[in-house]
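Asks: mmCIF, C-alpha atoms and all ligand atoms, saved as final19.cif, coming up:
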```
data_input
#
loop_
_atom_site.label_atom_id
_atom_site.label_comp_id
_atom_site.auth_asym_id
_atom_site.auth_seq_id
_atom_site.Cartn_x
_atom_site.Cartn_y
_atom_site.Cartn_z
CA MET A 1 24.48 18.31 -9.64
CA ALA A 2 21.46 18.60 -11.90
CA GLY A 3 21.65 20.79 -14.99
CA VAL A 4 19.60 23.91 -15.76
CA LEU A 5 16.75 24.20 -18.23
CA TYR A 6 17.04 27.50 -20.11
CA ILE A 7 14.01 28.85 -21.99
CA VAL A 8 15.54 30.74 -24.91
CA PRO A 9 13.45 33.03 -27.15
CA THR A 10 14.58 33.32 -30.78
CA PRO A 11 13.75 36.07 -33.34
CA ILE A 12 10.26 36.31 -34.87
CA GLY A 13 11.73 37.54 -38.16
CA ASN A 14 14.72 39.84 -37.78
CA LEU A 15 17.82 37.87 -36.77
CA GLU A 16 19.26 40.93 -35.01
CA ASP A 17 16.64 40.38 -32.31
CA ILE A 18 18.52 37.51 -30.68
CA THR A 19 20.14 38.64 -27.42
CA LEU A 20 23.81 38.34 -26.49
CA ARG A 21 22.78 36.20 -23.54
CA ALA A 22 20.74 33.86 -25.74
CA LEU A 23 23.76 33.36 -28.02
CA ARG A 24 26.02 32.61 -25.05
CA VAL A 25 23.56 30.14 -23.49
CA LEU A 26 22.99 28.37 -26.82
CA LYS A 27 26.79 27.97 -27.15
CA GLU A 28 27.37 26.80 -23.56
CA VAL A 29 24.59 24.23 -23.02
CA GLU A 30 25.13 20.56 -23.81
CA LEU A 31 21.95 20.18 -25.78
CA ILE A 32 19.39 22.38 -27.55
CA ALA A 33 15.84 20.99 -27.60
CA ALA A 34 14.20 22.50 -30.70
CA GLU A 35 10.63 22.37 -32.04
CA ASP A 36 12.02 21.69 -35.52
CA THR A 37 15.74 20.88 -35.67
CA ARG A 38 16.07 21.76 -39.37
CA HIS A 39 14.54 25.19 -38.79
CA SER A 40 16.73 25.91 -35.75
CA GLN A 41 19.81 24.60 -37.55
CA HIS A 42 19.63 27.60 -39.94
CA LEU A 43 19.58 30.03 -37.02
CA LEU A 44 22.45 28.27 -35.24
CA ALA A 45 24.54 28.10 -38.43
CA HIS A 46 23.99 31.85 -38.95
CA PHE A 47 25.53 32.51 -35.54
CA GLY A 48 28.23 29.81 -35.80
CA ILE A 49 26.77 27.71 -32.95
CA LYS A 50 27.59 24.00 -33.10
CA THR A 51 25.72 22.68 -30.04
CA ALA A 52 23.91 19.34 -30.51
CA LEU A 53 20.19 19.52 -31.32
CA THR A 54 17.31 17.24 -30.47
CA SER A 55 13.70 17.65 -31.54
CA TYR A 56 10.53 18.00 -29.47
CA HIS A 57 7.13 18.97 -30.77
CA ASP A 58 3.45 18.68 -29.88
CA HIS A 59 3.32 15.02 -30.92
CA ASN A 60 6.28 13.68 -28.92
CA GLU A 61 6.37 16.25 -26.13
CA ARG A 62 5.39 13.87 -23.29
CA ALA A 63 7.95 11.20 -24.11
CA LYS A 64 10.58 13.79 -24.96
CA ALA A 65 9.96 15.69 -21.73
CA ARG A 66 10.74 12.53 -19.72
CA MET A 67 13.93 11.95 -21.69
CA LEU A 68 15.07 15.60 -21.33
CA VAL A 69 14.36 15.60 -17.59
CA GLU A 70 16.57 12.49 -17.23
CA ARG A 71 19.38 14.31 -19.06
CA LEU A 72 18.91 17.36 -16.82
CA LYS A 73 18.98 15.16 -13.70
CA SER A 74 22.23 13.61 -14.85
CA GLY A 75 23.82 17.07 -14.95
CA ALA A 76 23.37 18.28 -18.55
CA SER A 77 22.11 21.82 -19.10
CA ILE A 78 19.58 22.18 -21.91
CA ALA A 79 18.23 25.16 -23.88
CA LEU A 80 14.64 24.99 -25.07
CA VAL A 81 13.91 26.88 -28.31
CA SER A 82 10.87 26.98 -30.59
CA ASP A 83 10.68 27.92 -34.28
CA ALA A 84 10.22 31.61 -33.45
CA GLY A 85 9.64 33.74 -30.39
CA THR A 86 9.26 32.45 -26.86
CA PRO A 87 8.89 28.68 -26.32
CA ALA A 88 5.65 27.56 -24.59
CA ILE A 89 3.79 30.71 -25.71
CA SER A 90 1.36 29.27 -28.30
CA ASP A 91 4.20 26.85 -28.98
CA PRO A 92 5.20 23.49 -27.51
CA GLY A 93 7.39 23.51 -24.40
CA TYR A 94 4.80 23.62 -21.61
CA ARG A 95 5.04 19.92 -20.78
CA ILE A 96 8.82 20.03 -20.53
CA VAL A 97 8.63 23.00 -18.15
CA VAL A 98 6.00 21.23 -15.99
CA ASP A 99 8.02 18.00 -15.80
CA ALA A 100 11.26 19.87 -15.06
CA ILE A 101 9.56 21.77 -12.20
CA ALA A 102 8.19 18.49 -10.83
CA ALA A 103 11.70 16.99 -10.92
CA GLY A 104 13.12 19.96 -8.99
CA ILE A 105 15.17 21.20 -11.96
CA ARG A 106 16.16 24.88 -11.97
CA ILE A 107 14.51 26.74 -14.84
CA VAL A 108 16.06 29.94 -16.17
CA PRO A 109 13.86 31.89 -18.63
CA LEU A 110 15.63 34.40 -20.87
CA PRO A 111 13.71 37.53 -21.90
CA GLY A 112 13.34 37.97 -25.65
CA ALA A 113 11.10 38.17 -28.68
CA SER A 114 7.42 37.33 -28.54
CA ALA A 115 4.94 38.44 -31.20
CA SER A 116 2.31 39.29 -28.55
CA THR A 117 4.23 41.97 -26.64
CA THR A 118 6.02 43.25 -29.76
CA ALA A 119 2.61 43.91 -31.36
CA LEU A 120 0.81 45.18 -28.27
CA CYS A 121 3.27 47.92 -27.33
CA ALA A 122 2.69 49.65 -30.71
CA SER A 123 -1.04 48.91 -30.98
CA GLY A 124 -2.25 52.17 -29.50
CA LEU A 125 -4.72 50.16 -27.38
CA PRO A 126 -4.63 50.14 -23.57
CA THR A 127 -1.71 48.03 -22.33
CA ASP A 128 -2.31 48.26 -18.58
CA ARG A 129 -4.47 45.13 -18.75
CA PHE A 130 -4.49 42.66 -21.63
CA LEU A 131 -5.71 39.12 -22.17
CA PHE A 132 -3.62 36.90 -24.40
CA GLU A 133 -5.95 34.40 -26.07
CA GLY A 134 -3.50 32.82 -28.53
CA PHE A 135 -5.13 31.19 -31.56
CA LEU A 136 -8.90 31.22 -31.97
CA PRO A 137 -10.45 27.82 -32.77
CA ALA A 138 -10.40 26.99 -36.51
CA LYS A 139 -14.05 25.88 -36.64
CA ALA A 140 -16.51 28.74 -37.11
CA GLN A 141 -18.93 27.66 -34.37
CA GLU A 142 -16.20 27.24 -31.77
CA ARG A 143 -14.59 30.51 -32.80
CA LYS A 144 -17.88 32.36 -32.34
CA ALA A 145 -18.46 30.69 -28.97
CA THR A 146 -15.00 31.81 -27.81
CA LEU A 147 -15.70 35.38 -28.92
CA GLN A 148 -19.08 35.30 -27.14
CA ARG A 149 -17.30 34.26 -23.94
CA LEU A 150 -14.98 37.27 -24.34
CA ARG A 151 -17.69 39.82 -25.20
CA ASN A 152 -17.76 41.45 -21.75
CA GLU A 153 -14.02 41.22 -21.09
CA THR A 154 -12.73 44.73 -20.37
CA ALA A 155 -9.00 44.05 -20.93
CA THR A 156 -7.45 44.52 -24.39
CA LEU A 157 -7.70 41.16 -26.23
CA VAL A 158 -4.69 39.72 -28.08
CA PHE A 159 -5.02 36.91 -30.66
CA TYR A 160 -2.61 35.08 -32.94
CA GLU A 161 -3.94 34.40 -36.43
CA GLY A 162 -2.87 32.99 -39.75
CA PRO A 163 -3.45 35.03 -42.93
CA HIS A 164 -6.14 32.71 -44.38
CA ARG A 165 -8.50 33.15 -41.40
CA LEU A 166 -7.97 36.87 -40.76
CA ALA A 167 -11.04 38.06 -42.69
CA GLU A 168 -13.37 35.54 -41.00
CA ALA A 169 -12.00 36.33 -37.56
CA LEU A 170 -12.44 40.10 -38.02
CA ALA A 171 -15.97 39.66 -39.41
CA ASP A 172 -16.95 37.52 -36.40
CA MET A 173 -15.42 40.09 -34.05
CA LEU A 174 -17.43 42.88 -35.67
CA ASN A 175 -20.65 40.85 -35.34
CA ILE A 176 -20.04 39.83 -31.75
CA PHE A 177 -18.14 42.78 -30.22
CA GLY A 178 -19.60 45.59 -32.33
CA ASP A 179 -17.46 48.22 -34.04
CA ARG A 180 -14.58 48.43 -31.54
CA GLN A 181 -11.09 49.79 -32.03
CA VAL A 182 -8.67 47.18 -33.44
CA ALA A 183 -4.99 46.93 -34.37
CA VAL A 184 -3.73 44.29 -36.79
CA ALA A 185 0.05 43.76 -36.75
CA ARG A 186 1.52 41.90 -39.70
CA GLU A 187 5.03 40.57 -40.40
CA LEU A 188 6.55 42.11 -37.27
CA THR A 189 10.30 42.80 -37.44
CA LYS A 190 10.33 41.79 -41.14
CA VAL A 191 10.64 43.82 -44.35
CA HIS A 192 6.86 44.12 -44.82
CA GLU A 193 6.02 44.98 -41.21
CA GLU A 194 2.66 46.74 -41.11
CA PHE A 195 0.11 48.00 -38.57
CA LEU A 196 -3.55 48.60 -39.46
CA ARG A 197 -5.38 50.56 -36.78
CA GLY A 198 -8.94 51.85 -36.60
CA LYS A 199 -12.50 50.69 -36.08
CA LEU A 200 -13.12 47.05 -37.02
CA SER A 201 -15.31 48.12 -39.95
CA GLU A 202 -12.56 50.45 -41.24
CA VAL A 203 -9.80 47.83 -41.00
CA ILE A 204 -12.05 45.25 -42.69
CA ALA A 205 -12.72 47.74 -45.51
CA THR A 206 -8.99 48.52 -45.86
CA LEU A 207 -8.12 44.84 -46.10
CA GLY A 208 -10.77 44.33 -48.79
CA GLU A 209 -11.40 40.98 -50.43
CA GLY A 210 -7.90 39.72 -51.21
CA GLU A 211 -5.96 37.43 -48.86
CA VAL A 212 -3.41 39.12 -46.67
CA LYS A 213 0.02 37.49 -46.49
CA GLY A 214 2.25 36.81 -43.52
CA GLU A 215 1.97 36.30 -39.79
CA ILE A 216 -0.57 38.28 -37.82
CA VAL A 217 -1.46 39.49 -34.35
CA ILE A 218 -4.96 40.91 -33.81
CA MET A 219 -5.52 43.22 -30.85
CA ILE A 220 -8.94 44.49 -29.97
CA GLN A 221 -10.23 47.02 -27.49
CA GLY A 222 -11.90 45.45 -24.44
CA SER A 223 -15.57 45.91 -23.60
CA SER A 224 -16.47 49.33 -22.20
CA GLY A 225 -18.04 47.38 -19.32
CA ASP A 226 -21.50 48.84 -19.98
CA ALA A 227 -24.58 46.98 -18.82
CA PRO A 228 -26.00 44.47 -21.31
CA VAL A 229 -28.00 46.05 -24.14
CA SER A 230 -31.40 47.46 -23.07
CA GLU A 231 -34.58 46.74 -25.03
CA ALA A 232 -34.80 50.41 -26.09
CA GLU A 233 -31.23 50.26 -27.46
CA LEU A 234 -31.96 46.99 -29.19
CA ARG A 235 -35.08 48.44 -30.85
CA ALA A 236 -33.09 51.52 -31.95
CA THR A 237 -30.33 49.33 -33.47
CA ILE A 238 -32.95 47.21 -35.23
CA ARG A 239 -34.56 50.34 -36.72
CA GLN A 240 -31.17 51.62 -37.83
CA LEU A 241 -30.22 48.32 -39.51
CA ALA A 242 -33.66 48.00 -41.13
CA GLY A 243 -33.24 51.58 -42.38
CA ASP A 244 -29.92 50.50 -43.92
CA GLY A 245 -31.87 47.87 -45.88
CA MET A 246 -31.11 44.79 -43.80
CA GLY A 247 -33.77 42.05 -43.68
CA VAL A 248 -35.43 40.81 -40.45
CA LYS A 249 -33.69 37.43 -40.58
CA GLU A 250 -30.26 39.00 -41.08
CA ILE A 251 -30.88 41.47 -38.27
CA SER A 252 -31.89 38.73 -35.83
CA GLU A 253 -28.78 36.72 -36.70
CA LEU A 254 -26.45 39.69 -36.40
CA LEU A 255 -27.82 41.08 -33.14
CA GLY A 256 -28.47 37.64 -31.61
CA GLU A 257 -24.80 36.90 -32.12
CA ARG A 258 -23.56 40.34 -31.07
CA TYR A 259 -25.45 40.46 -27.78
CA GLY A 260 -25.69 36.72 -27.04
CA LEU A 261 -29.50 36.87 -27.29
CA SER A 262 -31.96 34.35 -28.64
CA LYS A 263 -32.31 34.96 -32.39
CA LYS A 264 -36.03 34.18 -32.09
CA GLU A 265 -36.52 36.99 -29.56
CA VAL A 266 -34.66 39.48 -31.74
CA TYR A 267 -36.64 38.27 -34.77
CA LYS A 268 -39.89 38.97 -32.89
CA LEU A 269 -38.73 42.48 -31.95
CA ALA A 270 -37.54 43.14 -35.50
CA LEU A 271 -40.94 42.07 -36.90
CA GLU A 272 -42.72 44.33 -34.41
CA SER A 273 -40.49 47.28 -35.35
CA LYS A 274 -41.17 46.62 -39.01
CA SER A 275 -44.93 46.84 -38.54
CA ALA A 276 -44.72 49.84 -36.16
CA PRO A 277 -45.32 53.27 -37.70
CA PRO A 278 -42.10 55.26 -38.41
CA GLY A 279 -40.77 57.16 -35.39
CA ASP A 280 -42.54 54.79 -32.98
N1 LIG B 301 6.06 31.51 -29.54
C1 LIG B 301 5.76 32.56 -30.48
C2 LIG B 301 5.80 33.91 -29.76
O1 LIG B 301 6.34 33.99 -28.66
O2 LIG B 301 5.33 34.88 -30.31
C3 LIG B 301 4.43 32.32 -31.16
C4 LIG B 301 4.39 31.10 -32.01
S1 LIG B 301 2.84 30.81 -32.76
C5 LIG B 301 3.01 29.15 -33.32
C6 LIG B 301 2.95 31.66 -34.29
C7 LIG B 301 2.00 32.86 -34.34
O3 LIG B 301 2.62 33.98 -33.71
C8 LIG B 301 1.72 33.32 -35.77
O4 LIG B 301 0.63 32.61 -36.34
C9 LIG B 301 1.37 34.78 -35.57
O5 LIG B 301 0.03 34.92 -35.11
C10 LIG B 301 2.33 35.16 -34.42
N2 LIG B 301 3.58 35.65 -35.00
C11 LIG B 301 4.79 35.04 -34.99
N3 LIG B 301 5.71 35.81 -35.62
C12 LIG B 301 5.07 36.92 -36.03
C13 LIG B 301 5.47 38.09 -36.75
N4 LIG B 301 6.71 38.24 -37.18
N5 LIG B 301 4.54 39.04 -37.00
C14 LIG B 301 3.26 38.89 -36.57
N6 LIG B 301 2.84 37.82 -35.90
C15 LIG B 301 3.72 36.84 -35.63
#
```
Write out the structure in this file as structure tokens.
Ligand code: SAM
Replies:
Amino acid sequence: MAGVLYIVPTPIGNLEDITLRALRVLKEVELIAAEDTRHSQHLLAHFGIKTALTSYHDHNERAKARMLVERLKSGASIALVSDAGTPAISDPGYRIVVDAIAAGIRIVPLPGASASTTALCASGLPTDRFLFEGFLPAKAQERKATLQRLRNETATLVFYEGPHRLAEALADMLNIFGDRQVAVARELTKVHEEFLRGKLSEVIATLGEGEVKGEIVIMIQGSSGDAPVSEAELRATIRQLAGDGMGVKEISELLGERYGLSKKEVYKLALESKSAPPGD
């Protein structure tokens, strides 16, 4: 008989968040496939688990998936773990699951920690519909293009982010989405767990210039689903920004990005507004 592939979530910080079932499965399987064996070894040692470990990661996942499926077919049961949280969720593991399904292997997922749901349930943002986007692209242009694509999405948006890119990501969100409600969850389940909630501009101001430390989930209110911006609204926003002292070029860049419009068109409107008499 073929073995079972167990998907086993591990804590995202606090070791008490491992489940009794996860501990039993990790003890009973023949092999634990871990993203980083040294990392998982610490967790297993903490709980006195001596099961054999083998590594899989993004770079060897295809070859390793084939090898693990052979072991499963020959009757061994295997637990898949990642460094933290649920395997295959913004972590390697997907390929192994796909190959195991194709080989007719039974897959048993265990419920457990994931940063996305842990953060979302305390965000204060609507949870009836949410879109998990994982990590935004590292390159600025690609990141902005992704945010543009999401501009009209009405579900709450959930992103994973590292501390060094938080400020850039929030600034791009403010430019592209406007001043929506946001929740930033940091260091969940750890000593310095923190939630920052408010308008994007407020959270950006609270964070200030310095780099924030730790692991982060950003959650942002979805679009209100309103029709695209009208010309009258656009003119009003231009007047308001110009009144705040912003230059024509800056305004066209900001609003072009926010509403997905041609910067040239916005520039033309901004120039017209500048030469129009006040109150026009
Ligand atoms: N598989 C994991 C899960 O189920 O949550 C996610 C792994 S992904 C490589 C790592 C990202 O998850 C981090 O960059 C951060 O965005 C988020 N994350 C993981 N642990 C976290 C924590 N304790 N607090 C906040 N975010 C966390």
Asks: Would you please work out which residue, of A:Glu202, A:Glu168, A:Ala119, A:Glu250, is nearest to Ala185 of chain A when using all atoms listed in the file?
Replies: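 Looking at the shortest contact to Ala185 of chain A, the residue is A:Ala119.
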Asks: Name the residues, by chain letter and number, that sit within 8 Å of ligand LIG 301 (chain B) using all atoms listed in the file, and give them as number ranges by chain.
Replies: A: 9, 12-13, 82-91, 113-116, 119, 134-135, 159-162, 185-190, 193, 214-218
Asks: Restricting the calculation to all atoms listed in the file, which member of A:Ala33, A:Leu80, A:Ala122, A:Val25 is positioned closest to Ile7 of chain A?
Replies: A:Leu80
Asks: Go ahead and compute the interatomic distance for atom CA of Val182 of chain A and atom CA of Ile220 of chain A, in Å to one decimal.
Replies: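 If I compute the distance from atom CA of Val182 of chain A to atom CA of Ile220 of chain A, I get 4.4 Å.
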Asks: Between atom CA of Gly245 of chain A and atom CA of Lys274 of chain A, what is the distance, to one decimal in Å?
Replies: 11.6 Å
Asks: Of the residues A:Leu166, A:Leu196, A:Leu43, A:Leu23, which is the one nearest to Gly112 of chain A, using all atoms listed in the file?
Replies: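 The answer is A:Leu23, which sits nearest to Gly112 of chain A.
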Asks: Select, from A:Leu200, A:Ala76, A:Val81, A:Ile251, the residue with the minimum atom-to-atom distance to Met1 of chain A, counting all atoms listed in the file.
Replies: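 The answer is A:Ala76, which sits nearest to Met1 of chain A.
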Asks: Mind giving me the straight-line distance from atom CA of Asp17 of chain A to atom CA of Thr117 of chain A in Å, one decimal?
Replies: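 The value is 13.7 Å.
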Asks: Please provide as a list in words all residues within 6 Å of segment 55-59 of chain A, with the sequence filter that same-chain residues fewer than 3 positions apart are discarded (counting all atoms listed in the file).
Replies: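 Counting all atoms listed in the file, the residues come to Ala33, Ala34, Glu35, Asp36, Thr37 and Pro92 of chain A.
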Asks: List every protein, DNA or RNA residue that has at least one atom no more than 7 Å from (-3.0, 39.2, -23.8) in the file's coordinates, counting all atoms listed in the file, and write the result as an MDAnalysis selection string.
Replies: chainID A and resid 130:133 156:158
Asks: Using only C-alpha atoms, can you tell me which of A:Ala236, A:Ser77, A:Leu68, A:Asp244 comes closest to Glu28 of chain A?
Replies: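 For Glu28 of chain A, the nearest of the candidates is A:Ser77.
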Asks: With distances taken over only C-alpha atoms, which residue among A:Asp172, A:Glu257, A:Glu265, A:Glu70 lies nearest Ala140 of chain A?
Replies: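 Counting only C-alpha atoms, the residue closest to Ala140 of chain A is A:Asp172.
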Asks: Using only C-alpha atoms, which residues sit within 10 Å of Met173 of chain A once same-chain residues fewer than 4 positions away are excluded, as a ChimeraX atom specification?
Replies: /A:143-144,147-148,151,167-169,177-180,182,200-201,220,258
Asks: Please, could all heavy atoms be added to segment 101-112 of chain A and the result written as a PDB file, in the coordinates of the input?
Replies:
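Saved to result.pdb:
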```pdb
ATOM      1  N   ILE A 101       9.908  21.215 -13.523  1.00  0.00           N
ATOM      2  CA  ILE A 101       9.560  21.770 -12.200  1.00  0.00           C
ATOM      3  C   ILE A 101       9.311  20.615 -11.225  1.00  0.00           C
ATOM      4  O   ILE A 101       9.817  20.593 -10.106  1.00  0.00           O
ATOM      5  CB  ILE A 101       8.326  22.700 -12.289  1.00  0.00           C
ATOM      6  CG1 ILE A 101       8.677  23.970 -13.075  1.00  0.00           C
ATOM      7  CG2 ILE A 101       7.809  23.068 -10.890  1.00  0.00           C
ATOM      8  CD1 ILE A 101       7.486  24.846 -13.419  1.00  0.00           C
ATOM      9  N   ALA A 102       8.521  19.622 -11.696  1.00  0.00           N
ATOM     10  CA  ALA A 102       8.190  18.490 -10.830  1.00  0.00           C
ATOM     11  C   ALA A 102       9.444  17.736 -10.397  1.00  0.00           C
ATOM     12  O   ALA A 102       9.502  17.181  -9.299  1.00  0.00           O
ATOM     13  CB  ALA A 102       7.226  17.548 -11.549  1.00  0.00           C
ATOM     14  N   ALA A 103      10.457  17.719 -11.240  1.00  0.00           N
ATOM     15  CA  ALA A 103      11.700  16.990 -10.920  1.00  0.00           C
ATOM     16  C   ALA A 103      12.676  17.868 -10.132  1.00  0.00           C
ATOM     17  O   ALA A 103      13.795  17.451  -9.852  1.00  0.00           O
ATOM     18  CB  ALA A 103      12.346  16.506 -12.221  1.00  0.00           C
ATOM     19  N   GLY A 104      12.263  19.078  -9.803  1.00  0.00           N
ATOM     20  CA  GLY A 104      13.120  19.960  -8.990  1.00  0.00           C
ATOM     21  C   GLY A 104      14.266  20.574  -9.779  1.00  0.00           C
ATOM     22  O   GLY A 104      15.257  21.029  -9.212  1.00  0.00           O
ATOM     23  N   ILE A 105      14.125  20.619 -11.103  1.00  0.00           N
ATOM     24  CA  ILE A 105      15.170  21.200 -11.960  1.00  0.00           C
ATOM     25  C   ILE A 105      15.057  22.730 -11.930  1.00  0.00           C
ATOM     26  O   ILE A 105      13.949  23.270 -11.945  1.00  0.00           O
ATOM     27  CB  ILE A 105      14.990  20.720 -13.429  1.00  0.00           C
ATOM     28  CG1 ILE A 105      15.040  19.187 -13.523  1.00  0.00           C
ATOM     29  CG2 ILE A 105      15.968  21.398 -14.381  1.00  0.00           C
ATOM     30  CD1 ILE A 105      16.379  18.573 -13.239  1.00  0.00           C
ATOM     31  N   ARG A 106      16.189  23.404 -11.925  1.00  0.00           N
ATOM     32  CA  ARG A 106      16.160  24.880 -11.970  1.00  0.00           C
ATOM     33  C   ARG A 106      15.839  25.319 -13.400  1.00  0.00           C
ATOM     34  O   ARG A 106      16.450  24.825 -14.362  1.00  0.00           O
ATOM     35  CB  ARG A 106      17.519  25.424 -11.522  1.00  0.00           C
ATOM     36  CG  ARG A 106      17.565  26.914 -11.529  1.00  0.00           C
ATOM     37  CD  ARG A 106      18.773  27.450 -10.760  1.00  0.00           C
ATOM     38  NE  ARG A 106      18.886  28.870 -11.033  1.00  0.00           N
ATOM     39  CZ  ARG A 106      19.962  29.470 -11.516  1.00  0.00           C
ATOM     40  NH1 ARG A 106      21.073  28.778 -11.717  1.00  0.00           N
ATOM     41  NH2 ARG A 106      19.948  30.765 -11.767  1.00  0.00           N
ATOM     42  N   ILE A 107      14.894  26.237 -13.503  1.00  0.00           N
ATOM     43  CA  ILE A 107      14.510  26.740 -14.840  1.00  0.00           C
ATOM     44  C   ILE A 107      14.910  28.202 -14.933  1.00  0.00           C
ATOM     45  O   ILE A 107      14.560  29.000 -14.055  1.00  0.00           O
ATOM     46  CB  ILE A 107      13.005  26.597 -15.068  1.00  0.00           C
ATOM     47  CG1 ILE A 107      12.632  25.133 -14.855  1.00  0.00           C
ATOM     48  CG2 ILE A 107      12.598  27.082 -16.455  1.00  0.00           C
ATOM     49  CD1 ILE A 107      11.320  24.724 -15.363  1.00  0.00           C
ATOM     50  N   VAL A 108      15.629  28.546 -15.990  1.00  0.00           N
ATOM     51  CA  VAL A 108      16.060  29.940 -16.170  1.00  0.00           C
ATOM     52  C   VAL A 108      15.467  30.463 -17.479  1.00  0.00           C
ATOM     53  O   VAL A 108      15.898  30.057 -18.564  1.00  0.00           O
ATOM     54  CB  VAL A 108      17.597  30.041 -16.185  1.00  0.00           C
ATOM     55  CG1 VAL A 108      18.031  31.483 -16.477  1.00  0.00           C
ATOM     56  CG2 VAL A 108      18.182  29.586 -14.848  1.00  0.00           C
ATOM     57  N   PRO A 109      14.442  31.337 -17.399  1.00  0.00           N
ATOM     58  CA  PRO A 109      13.860  31.890 -18.630  1.00  0.00           C
ATOM     59  C   PRO A 109      14.652  33.122 -19.072  1.00  0.00           C
ATOM     60  O   PRO A 109      14.966  33.985 -18.259  1.00  0.00           O
ATOM     61  CB  PRO A 109      12.457  32.284 -18.178  1.00  0.00           C
ATOM     62  CG  PRO A 109      12.592  32.609 -16.724  1.00  0.00           C
ATOM     63  CD  PRO A 109      13.759  31.813 -16.180  1.00  0.00           C
ATOM     64  N   LEU A 110      14.966  33.201 -20.352  1.00  0.00           N
ATOM     65  CA  LEU A 110      15.630  34.400 -20.870  1.00  0.00           C
ATOM     66  C   LEU A 110      14.562  35.314 -21.475  1.00  0.00           C
ATOM     67  O   LEU A 110      13.671  34.832 -22.178  1.00  0.00           O
ATOM     68  CB  LEU A 110      16.640  34.020 -21.970  1.00  0.00           C
ATOM     69  CG  LEU A 110      18.060  33.676 -21.502  1.00  0.00           C
ATOM     70  CD1 LEU A 110      18.091  32.522 -20.534  1.00  0.00           C
ATOM     71  CD2 LEU A 110      18.966  33.416 -22.696  1.00  0.00           C
ATOM     72  N   PRO A 111      14.646  36.627 -21.230  1.00  0.00           N
ATOM     73  CA  PRO A 111      13.710  37.530 -21.900  1.00  0.00           C
ATOM     74  C   PRO A 111      14.057  37.609 -23.391  1.00  0.00           C
ATOM     75  O   PRO A 111      15.219  37.435 -23.755  1.00  0.00           O
ATOM     76  CB  PRO A 111      13.959  38.889 -21.235  1.00  0.00           C
ATOM     77  CG  PRO A 111      14.971  38.657 -20.165  1.00  0.00           C
ATOM     78  CD  PRO A 111      15.620  37.337 -20.397  1.00  0.00           C
ATOM     79  N   GLY A 112      13.055  37.867 -24.214  1.00  0.00           N
ATOM     80  CA  GLY A 112      13.340  37.970 -25.650  1.00  0.00           C
ATOM     81  C   GLY A 112      12.080  38.134 -26.454  1.00  0.00           C
ATOM     82  O   GLY A 112      11.020  38.470 -25.909  1.00  0.00           O
TER      83      GLY A 112
END
```
